file coords-v3.cif (mmCIF, C-alpha atoms and all ligand atoms)
data_run
#
loop_
_atom_site.label_atom_id
_atom_site.label_comp_id
_atom_site.auth_asym_id
_atom_site.auth_seq_id
_atom_site.Cartn_x
_atom_site.Cartn_y
_atom_site.Cartn_z
CA MET B 1 -18.86 11.16 37.19
CA ARG B 2 -22.07 10.34 39.08
CA GLU B 3 -24.18 11.40 36.05
CA LEU B 4 -22.09 9.22 33.77
CA PHE B 5 -23.03 6.11 35.70
CA GLU B 6 -26.56 7.08 36.83
CA ASP B 7 -28.47 5.46 33.94
CA GLY B 8 -25.78 2.92 33.32
CA MET B 9 -25.64 -0.80 33.89
CA GLN B 10 -24.53 -2.69 36.92
CA SER B 11 -23.64 -6.36 36.88
CA MET B 12 -22.19 -8.63 39.49
CA ARG B 13 -19.96 -11.69 39.41
CA MET B 14 -19.21 -13.97 42.30
CA ASN B 15 -15.94 -15.85 41.97
CA TYR B 16 -15.19 -19.09 43.75
CA TYR B 17 -11.66 -20.48 43.55
CA PRO B 18 -11.38 -23.95 45.10
CA PRO B 19 -8.09 -24.92 46.74
CA CYS B 20 -5.68 -26.57 44.34
CA SER B 21 -2.90 -28.98 45.31
CA GLU B 22 -0.72 -27.77 42.43
CA PRO B 23 -1.40 -24.01 42.27
CA GLU B 24 1.66 -23.25 40.14
CA LYS B 25 0.17 -25.37 37.34
CA THR B 26 -3.03 -23.35 37.06
CA ILE B 27 -4.49 -19.86 37.33
CA GLY B 28 -7.67 -18.55 38.98
CA LEU B 29 -8.55 -15.90 36.41
CA THR B 30 -6.27 -15.26 33.44
CA PRO B 31 -4.81 -11.73 33.09
CA HIS B 32 -7.41 -9.23 31.93
CA SER B 33 -8.70 -5.71 32.37
CA ASP B 34 -12.39 -5.31 33.14
CA ALA B 35 -14.90 -4.28 30.46
CA SER B 36 -16.38 -1.76 32.85
CA GLY B 37 -16.05 1.89 33.76
CA LEU B 38 -15.38 1.10 37.38
CA THR B 39 -15.28 -2.20 39.25
CA ILE B 40 -15.92 -2.48 42.96
CA LEU B 41 -14.44 -5.66 44.33
CA LEU B 42 -14.77 -7.37 47.68
CA GLN B 43 -12.31 -10.10 48.68
CA VAL B 44 -14.84 -11.98 50.77
CA ASN B 45 -12.87 -14.37 52.93
CA GLU B 46 -9.67 -12.38 53.07
CA MET B 47 -7.60 -14.94 51.19
CA GLU B 48 -4.82 -13.57 49.01
CA GLY B 49 -4.97 -14.24 45.28
CA LEU B 50 -5.57 -10.98 43.42
CA GLN B 51 -2.55 -9.52 41.63
CA VAL B 52 -2.24 -6.32 39.57
CA ARG B 53 0.36 -5.72 36.90
CA LYS B 54 2.56 -2.75 37.78
CA ASP B 55 5.66 -1.87 35.75
CA GLY B 56 5.54 -5.34 34.21
CA MET B 57 5.49 -7.13 37.60
CA TRP B 58 2.61 -8.94 39.29
CA VAL B 59 1.94 -7.26 42.64
CA PRO B 60 -0.33 -8.98 45.21
CA VAL B 61 -3.25 -6.94 46.57
CA LYS B 62 -3.53 -7.90 50.23
CA PRO B 63 -7.13 -8.20 51.39
CA LEU B 64 -8.07 -5.71 54.11
CA PRO B 65 -11.05 -6.51 56.36
CA ASN B 66 -14.24 -4.69 55.22
CA ALA B 67 -12.40 -2.86 52.45
CA PHE B 68 -13.45 -2.59 48.81
CA ILE B 69 -11.01 -2.45 45.92
CA ILE B 70 -11.86 0.01 43.16
CA ASN B 71 -10.51 -0.92 39.74
CA ILE B 72 -10.58 1.24 36.63
CA GLY B 73 -11.95 -0.60 33.60
CA ASP B 74 -11.41 -0.19 29.86
CA VAL B 75 -14.56 1.90 29.35
CA LEU B 76 -13.22 4.64 31.64
CA GLU B 77 -9.85 4.54 29.87
CA MET B 78 -11.57 5.07 26.52
CA PHE B 79 -13.99 7.65 27.91
CA THR B 80 -11.19 9.77 29.40
CA ASN B 81 -8.99 9.37 26.32
CA GLY B 82 -6.40 7.55 28.36
CA ALA B 83 -6.25 9.99 31.31
CA TYR B 84 -7.31 7.11 33.56
CA ARG B 85 -5.73 3.75 32.68
CA SER B 86 -7.48 0.44 33.24
CA ILE B 87 -5.62 -1.99 35.46
CA GLU B 88 -4.52 -5.41 34.26
CA HIS B 89 -5.05 -8.06 36.91
CA ARG B 90 -5.24 -11.82 37.47
CA THR B 91 -5.95 -14.22 40.30
CA THR B 92 -3.97 -17.15 41.58
CA VAL B 93 -5.15 -20.13 43.61
CA ASN B 94 -3.62 -21.69 46.70
CA PRO B 95 -3.39 -25.23 48.14
CA VAL B 96 -4.83 -24.37 51.57
CA LYS B 97 -8.24 -22.80 51.32
CA GLU B 98 -10.86 -21.70 48.83
CA ARG B 99 -11.09 -18.04 47.94
CA LEU B 100 -14.21 -15.98 47.27
CA SER B 101 -14.66 -12.56 45.74
CA ILE B 102 -17.58 -10.44 44.57
CA ALA B 103 -17.05 -8.02 41.70
CA THR B 104 -19.60 -5.38 40.67
CA PHE B 105 -19.09 -3.79 37.29
CA TYR B 106 -20.44 -0.33 36.49
CA ARG B 107 -20.88 0.74 32.90
CA PRO B 108 -21.99 4.16 31.69
CA ALA B 109 -25.42 4.65 30.14
CA PRO B 110 -25.81 3.01 26.74
CA SER B 111 -26.30 5.37 23.81
CA LEU B 112 -29.71 6.98 23.46
CA ILE B 113 -29.28 6.75 19.69
CA SER B 114 -30.58 3.62 17.94
CA PRO B 115 -32.13 2.69 14.55
CA GLU B 116 -35.56 3.34 16.11
CA ASN B 117 -34.32 6.57 17.70
CA PRO B 118 -31.96 8.11 15.15
CA ALA B 119 -29.78 11.10 16.07
CA LEU B 120 -31.68 14.40 16.10
CA PHE B 121 -28.63 16.63 16.32
CA ARG B 122 -25.38 16.95 14.42
CA ARG B 123 -22.18 15.80 16.05
CA VAL B 124 -19.99 18.86 16.66
CA THR B 125 -16.99 19.59 18.81
CA VAL B 126 -17.56 21.77 21.87
CA GLU B 127 -15.33 24.42 20.27
CA GLU B 128 -17.37 24.48 17.05
CA TYR B 129 -20.58 24.62 19.05
CA VAL B 130 -19.49 27.51 21.28
CA GLN B 131 -17.97 29.50 18.38
CA GLY B 132 -21.22 29.14 16.46
CA PHE B 133 -23.18 30.25 19.49
CA LEU B 134 -21.01 33.34 20.08
CA ALA B 135 -21.19 34.33 16.41
CA ARG B 136 -24.98 34.71 16.56
CA LYS B 137 -27.29 37.10 18.27
CA LEU B 138 -29.48 35.68 21.00
CA ASP B 139 -32.63 34.49 19.27
CA GLY B 140 -34.83 32.15 21.23
CA LYS B 141 -34.04 28.51 20.45
CA SER B 142 -32.83 29.19 16.94
CA TYR B 143 -29.32 27.86 17.52
CA ILE B 144 -30.44 24.39 18.53
CA ASP B 145 -32.35 24.30 15.24
CA VAL B 146 -29.04 24.89 13.47
CA MET B 147 -27.73 21.80 15.25
CA ARG B 148 -30.81 19.79 14.29
CA ILE B 149 -30.51 17.21 11.53
CA GLN B 150 -33.17 18.11 8.92
CA ASN B 151 -34.36 15.20 6.74
CA GLY B 152 -31.04 13.45 7.17
CA VAL B 153 -29.09 16.58 6.09
CA GLY B 154 -26.08 17.18 8.33
CA ASP B 155 -26.20 13.63 9.63
CA ASN B 156 -22.50 12.95 9.87
CA ILE B 157 -22.63 10.28 12.54
O1 LIG B 201 -11.29 -12.53 42.39
C1 LIG B 201 -10.76 -11.41 42.31
O2 LIG B 201 -10.18 -10.86 43.23
C2 LIG B 201 -10.83 -10.67 40.99
C3 LIG B 201 -12.02 -11.01 40.15
C4 LIG B 201 -12.00 -10.32 38.83
O3 LIG B 201 -11.01 -9.81 38.38
C5 LIG B 201 -13.21 -10.28 38.02
O4 LIG B 201 -14.24 -10.85 38.42
O5 LIG B 201 -13.19 -9.62 36.95
FE FE B 202 -11.45 -8.50 36.74
#
call {"tool": "encode", "arguments": {"input": "coords-v3.cif", "output": "structure tokens"}}
result
Amino acid sequence: MRELFEDGMQSMRMNYYPPCSEPEKTIGLTPHSDASGLTILLQVNEMEGLQVRKDGMWVPVKPLPNAFIINIGDVLEMFTNGAYRSIEHRTTVNPVKERLSIATFYRPAPSLISPENPALFRRVTVEEYVQGFLARKLDGKSYIDVMRIQNGVGDNI
């Protein structure tokens, strides 16, 4: 997991929710899931407002002093083929006091393949790769040459 995020991107958002005399008529942040792998969130001034959707219900996340909240974002859900599910959440406002939060979003490394840096190797499943490896005799680096895209041949990306 550490490697996944090592060369990735980190961005930060600070949220300020002013007090609102009619909180039921508005919303702090509309329901969403984060476009991140992981989000680390700090509820700065320990005011309630964050809610997560669980079994169709909005559940408040009580701020704990000096505690971070770790949210799973959509990128991790896609990356793990749904094994980890991103969390839908929203924020409400209140009539008494402003609320502040700091969210840091972590995204995995962007692809190393681009028009300037086209793919050098074929895309294969791990199974196909290992079967091919086991079917050959050990011969230097010859197998990686089998994986190599030669003059665009085998480029199935
Ligand atoms: O203010 C919060 O507690 C949540 C903020 C949030 O969901 C976001 O910045 O994406
Ligand atoms: Fe969010």
call {"tool": "closest_residue", "arguments": {"input": "coords-v3.cif", "among": "B:Asn117, B:Thr80, B:Ser142, B:Asn15", "to": "ligand LIG 201 (chain B)", "atoms": "all atoms listed in the file"}}
result
B:Asn15
call {"tool": "closest_atom_pairs", "arguments": {"input": "coords-v3.cif", "of": "chain B", "to": "ligand LIG 201 (chain B)", "cutoff": "6 Å", "atoms": "all atoms listed in the file", "output": "CSV"}}
result
residue,atom,partner,partner_atom,distance
B:Arg13,CA,B:LIG201,O4,5.9
B:Asn15,CA,B:LIG201,O1,5.7
B:Asp34,CA,B:LIG201,O5,5.8
B:Gln43,CA,B:LIG201,O2,5.9
B:Leu50,CA,B:LIG201,O2,4.6
B:Thr91,CA,B:LIG201,C1,5.9
B:Ser101,CA,B:LIG201,O1,4.8
B:Ala103,CA,B:LIG201,O4,5.2
call {"tool": "residues_near_ligand", "arguments": {"input": "coords-v3.cif", "ligand": "ligand FE 202 (chain B)", "cutoff": "12 Å", "atoms": "only C-alpha atoms and all ligand atoms", "output": "PyMOL selection string"}}
result
chain B and resi 12-15+28-42+50-52+69-74+86-91+101-105
call {"tool": "atom_distance", "arguments": {"input": "coords-v3.cif", "atom1": "CA of Gly8 (chain B)", "atom2": "CA of Tyr129 (chain B)"}}
result
26.5 Å
call {"tool": "atom_distance", "arguments": {"input": "coords-v3.cif", "atom1": "CA of Pro23 (chain B)", "atom2": "CA of Asn66 (chain B)"}}
result
26.6 Å
call {"tool": "atom_distance", "arguments": {"input": "coords-v3.cif", "atom1": "CA of Lys141 (chain B)", "atom2": "CA of Phe79 (chain B)"}}
result
29.9 Å
call {"tool": "closest_residue", "arguments": {"input": "coords-v3.cif", "among": "B:Lys97, B:Lys137, B:Arg123, B:Lys25", "to": "Met47 (chain B)", "atoms": "all atoms listed in the file"}}
result
B:Lys97
